[in-house]
Amino acid sequence: MAQEEIDLRGLKCPLPALVARKHLREATVGAEIHIVTDDPMAPIDVPHMCRTEGYDVVAVARDGDVARMVLRRLA
């Protein structure tokens, strides 16, 4: 399965969700995108974007100010 890690630290809302969406659109079906961000709204905004656009949120984990998300393109 294809996997890509994207470091979005330093970007603020709505950029993490927009960049994640761009990478998901370009990914192959089944590919996972790993996002690292320090935007406190990203763990809310990115999963919301995924739900509305039909992508899968595999995991969301916070470690202090950093959030890591695993997203998957379904179709």
# chains A, B, ... in the order shown; residues from 1 in each chain; ligands from 1
>>> select_by_dssp(residues="chain A", states="strand (DSSP E)", output="number ranges by chain")
A: 3-7, 32-37, 56-63, 66-72
>>> write_last_selection(atoms="C-alpha atoms", output="JSON list (two decimals), in the first residue's frame")
[["chain", "number", "residue", "atom", "x", "y", "z"],
["A", 3, "GLN", "CA", 2.13, 5.77, 1.95],
["A", 4, "GLU", "CA", 3.17, 9.43, 2.06],
["A", 5, "GLU", "CA", 4.13, 11.62, 5.05],
["A", 6, "ILE", "CA", 3.45, 15.34, 4.89],
["A", 7, "ASP", "CA", 4.85, 17.77, 7.46],
["A", 32, "GLU", "CA", -2.40, 6.37, 3.08],
["A", 33, "ILE", "CA", -1.35, 9.94, 3.76],
["A", 34, "HIS", "CA", 0.35, 10.64, 7.10],
["A", 35, "ILE", "CA", -0.08, 14.24, 8.26],
["A", 36, "VAL", "CA", 1.95, 15.98, 10.97],
["A", 37, "THR", "CA", 0.64, 19.39, 12.08],
["A", 56, "ASP", "CA", -11.15, 7.60, 5.46],
["A", 57, "VAL", "CA", -9.63, 8.83, 8.71],
["A", 58, "VAL", "CA", -7.60, 5.86, 9.96],
["A", 59, "ALA", "CA", -6.11, 7.50, 13.06],
["A", 60, "VAL", "CA", -5.75, 10.82, 14.87],
["A", 61, "ALA", "CA", -3.24, 11.14, 17.71],
["A", 62, "ARG", "CA", -2.09, 14.17, 19.66],
["A", 63, "ASP", "CA", 1.26, 14.51, 21.40],
["A", 66, "VAL", "CA", 1.63, 18.12, 17.55],
["A", 67, "ALA", "CA", -1.14, 16.08, 15.92],
["A", 68, "ARG", "CA", -0.54, 13.11, 13.64],
["A", 69, "MET", "CA", -3.25, 11.84, 11.32],
["A", 70, "VAL", "CA", -3.43, 8.89, 8.98],
["A", 71, "LEU", "CA", -5.82, 9.37, 6.07],
["A", 72, "ARG", "CA", -6.74, 6.95, 3.29]]
>>> closest_residue(among="A:Tyr55, A:Cys50, A:Pro40, A:Arg73", to="Leu11 in chain A", atoms="only C-alpha atoms")
A:Pro40
>>> closest_residue(among="A:Cys13, A:Val29, A:Leu24, A:Val19", to="Pro43 in chain A", atoms="only C-alpha atoms")
A:Cys13
>>> atom_distance(atom1="CA of Ala75 in chain A", atom2="CA of Ala42 in chain A")
23.0 Å
>>> atom_distance(atom1="CA of His23 in chain A", atom2="CA of Gly64 in chain A")
25.3 Å
>>> atom_distance(atom1="CA of Ala17 in chain A", atom2="CA of Ala31 in chain A")
17.1 Å
>>> select_by_dssp(residues="chain A", states="alpha helix (DSSP H)", output="VMD selection string")
chain A and resid 15 to 26 42 to 53
>>> decode(residues="chain A", atoms="C-alpha atoms", output="PDB file, in the first residue's frame")
ATOM      1  CA  MET A   1       0.000   0.000   0.000  1.00  0.00           C
ATOM      2  CA  ALA A   2       1.376   3.422  -0.933  1.00  0.00           C
ATOM      3  CA  GLN A   3       2.134   5.772   1.946  1.00  0.00           C
ATOM      4  CA  GLU A   4       3.174   9.431   2.057  1.00  0.00           C
ATOM      5  CA  GLU A   5       4.131  11.620   5.051  1.00  0.00           C
ATOM      6  CA  ILE A   6       3.453  15.342   4.889  1.00  0.00           C
ATOM      7  CA  ASP A   7       4.847  17.775   7.465  1.00  0.00           C
ATOM      8  CA  LEU A   8       2.394  20.659   7.759  1.00  0.00           C
ATOM      9  CA  ARG A   9       3.819  22.227  10.916  1.00  0.00           C
ATOM     10  CA  GLY A  10       3.656  25.994  10.745  1.00  0.00           C
ATOM     11  CA  LEU A  11       0.558  26.067   8.514  1.00  0.00           C
ATOM     12  CA  LYS A  12      -2.669  27.404  10.011  1.00  0.00           C
ATOM     13  CA  CYS A  13      -6.313  26.742   9.214  1.00  0.00           C
ATOM     14  CA  PRO A  14      -7.516  26.096   6.553  1.00  0.00           C
ATOM     15  CA  LEU A  15      -4.198  25.192   4.888  1.00  0.00           C
ATOM     16  CA  PRO A  16      -3.655  21.767   6.550  1.00  0.00           C
ATOM     17  CA  ALA A  17      -7.048  20.541   5.306  1.00  0.00           C
ATOM     18  CA  LEU A  18      -6.520  22.012   1.830  1.00  0.00           C
ATOM     19  CA  VAL A  19      -3.056  20.478   1.452  1.00  0.00           C
ATOM     20  CA  ALA A  20      -4.297  17.108   2.754  1.00  0.00           C
ATOM     21  CA  ARG A  21      -7.178  17.180   0.263  1.00  0.00           C
ATOM     22  CA  LYS A  22      -4.787  17.948  -2.617  1.00  0.00           C
ATOM     23  CA  HIS A  23      -2.543  15.008  -1.693  1.00  0.00           C
ATOM     24  CA  LEU A  24      -5.502  12.654  -1.238  1.00  0.00           C
ATOM     25  CA  ARG A  25      -6.914  13.609  -4.640  1.00  0.00           C
ATOM     26  CA  GLU A  26      -3.550  12.831  -6.263  1.00  0.00           C
ATOM     27  CA  ALA A  27      -3.024   9.566  -4.349  1.00  0.00           C
ATOM     28  CA  THR A  28      -3.842   6.131  -5.704  1.00  0.00           C
ATOM     29  CA  VAL A  29      -6.863   4.260  -4.326  1.00  0.00           C
ATOM     30  CA  GLY A  30      -5.937   2.684  -0.989  1.00  0.00           C
ATOM     31  CA  ALA A  31      -2.965   4.997  -0.420  1.00  0.00           C
ATOM     32  CA  GLU A  32      -2.397   6.373   3.078  1.00  0.00           C
ATOM     33  CA  ILE A  33      -1.349   9.942   3.759  1.00  0.00           C
ATOM     34  CA  HIS A  34       0.351  10.642   7.103  1.00  0.00           C
ATOM     35  CA  ILE A  35      -0.083  14.243   8.255  1.00  0.00           C
ATOM     36  CA  VAL A  36       1.950  15.983  10.971  1.00  0.00           C
ATOM     37  CA  THR A  37       0.637  19.389  12.081  1.00  0.00           C
ATOM     38  CA  ASP A  38       0.823  21.824  14.969  1.00  0.00           C
ATOM     39  CA  ASP A  39      -2.361  23.725  14.081  1.00  0.00           C
ATOM     40  CA  PRO A  40      -4.763  23.150  17.005  1.00  0.00           C
ATOM     41  CA  MET A  41      -7.777  23.156  14.646  1.00  0.00           C
ATOM     42  CA  ALA A  42      -6.356  20.608  12.172  1.00  0.00           C
ATOM     43  CA  PRO A  43      -7.510  17.515  14.153  1.00  0.00           C
ATOM     44  CA  ILE A  44     -11.044  18.886  13.749  1.00  0.00           C
ATOM     45  CA  ASP A  45     -10.828  20.410  10.252  1.00  0.00           C
ATOM     46  CA  VAL A  46      -8.974  17.607   8.453  1.00  0.00           C
ATOM     47  CA  PRO A  47     -11.302  14.769   9.584  1.00  0.00           C
ATOM     48  CA  HIS A  48     -14.303  16.964   8.729  1.00  0.00           C
ATOM     49  CA  MET A  49     -12.914  17.503   5.216  1.00  0.00           C
ATOM     50  CA  CYS A  50     -12.359  13.738   4.893  1.00  0.00           C
ATOM     51  CA  ARG A  51     -15.943  12.937   5.911  1.00  0.00           C
ATOM     52  CA  THR A  52     -17.418  15.446   3.471  1.00  0.00           C
ATOM     53  CA  GLU A  53     -15.137  14.382   0.576  1.00  0.00           C
ATOM     54  CA  GLY A  54     -15.323  10.600   1.082  1.00  0.00           C
ATOM     55  CA  TYR A  55     -11.860   9.875   2.489  1.00  0.00           C
ATOM     56  CA  ASP A  56     -11.145   7.599   5.462  1.00  0.00           C
ATOM     57  CA  VAL A  57      -9.628   8.827   8.715  1.00  0.00           C
ATOM     58  CA  VAL A  58      -7.599   5.855   9.959  1.00  0.00           C
ATOM     59  CA  ALA A  59      -6.109   7.502  13.057  1.00  0.00           C
ATOM     60  CA  VAL A  60      -5.754  10.819  14.867  1.00  0.00           C
ATOM     61  CA  ALA A  61      -3.241  11.143  17.713  1.00  0.00           C
ATOM     62  CA  ARG A  62      -2.090  14.167  19.659  1.00  0.00           C
ATOM     63  CA  ASP A  63       1.256  14.506  21.401  1.00  0.00           C
ATOM     64  CA  GLY A  64       1.437  17.887  23.088  1.00  0.00           C
ATOM     65  CA  ASP A  65       1.088  20.560  20.415  1.00  0.00           C
ATOM     66  CA  VAL A  66       1.631  18.121  17.550  1.00  0.00           C
ATOM     67  CA  ALA A  67      -1.136  16.084  15.921  1.00  0.00           C
ATOM     68  CA  ARG A  68      -0.545  13.109  13.639  1.00  0.00           C
ATOM     69  CA  MET A  69      -3.247  11.842  11.321  1.00  0.00           C
ATOM     70  CA  VAL A  70      -3.428   8.892   8.981  1.00  0.00           C
ATOM     71  CA  LEU A  71      -5.824   9.375   6.071  1.00  0.00           C
ATOM     72  CA  ARG A  72      -6.738   6.950   3.289  1.00  0.00           C
ATOM     73  CA  ARG A  73      -8.104   7.440  -0.184  1.00  0.00           C
ATOM     74  CA  LEU A  74     -11.005   5.023  -0.633  1.00  0.00           C
ATOM     75  CA  ALA A  75     -11.993   5.578  -4.254  1.00  0.00           C
TER      76      ALA A  75
END
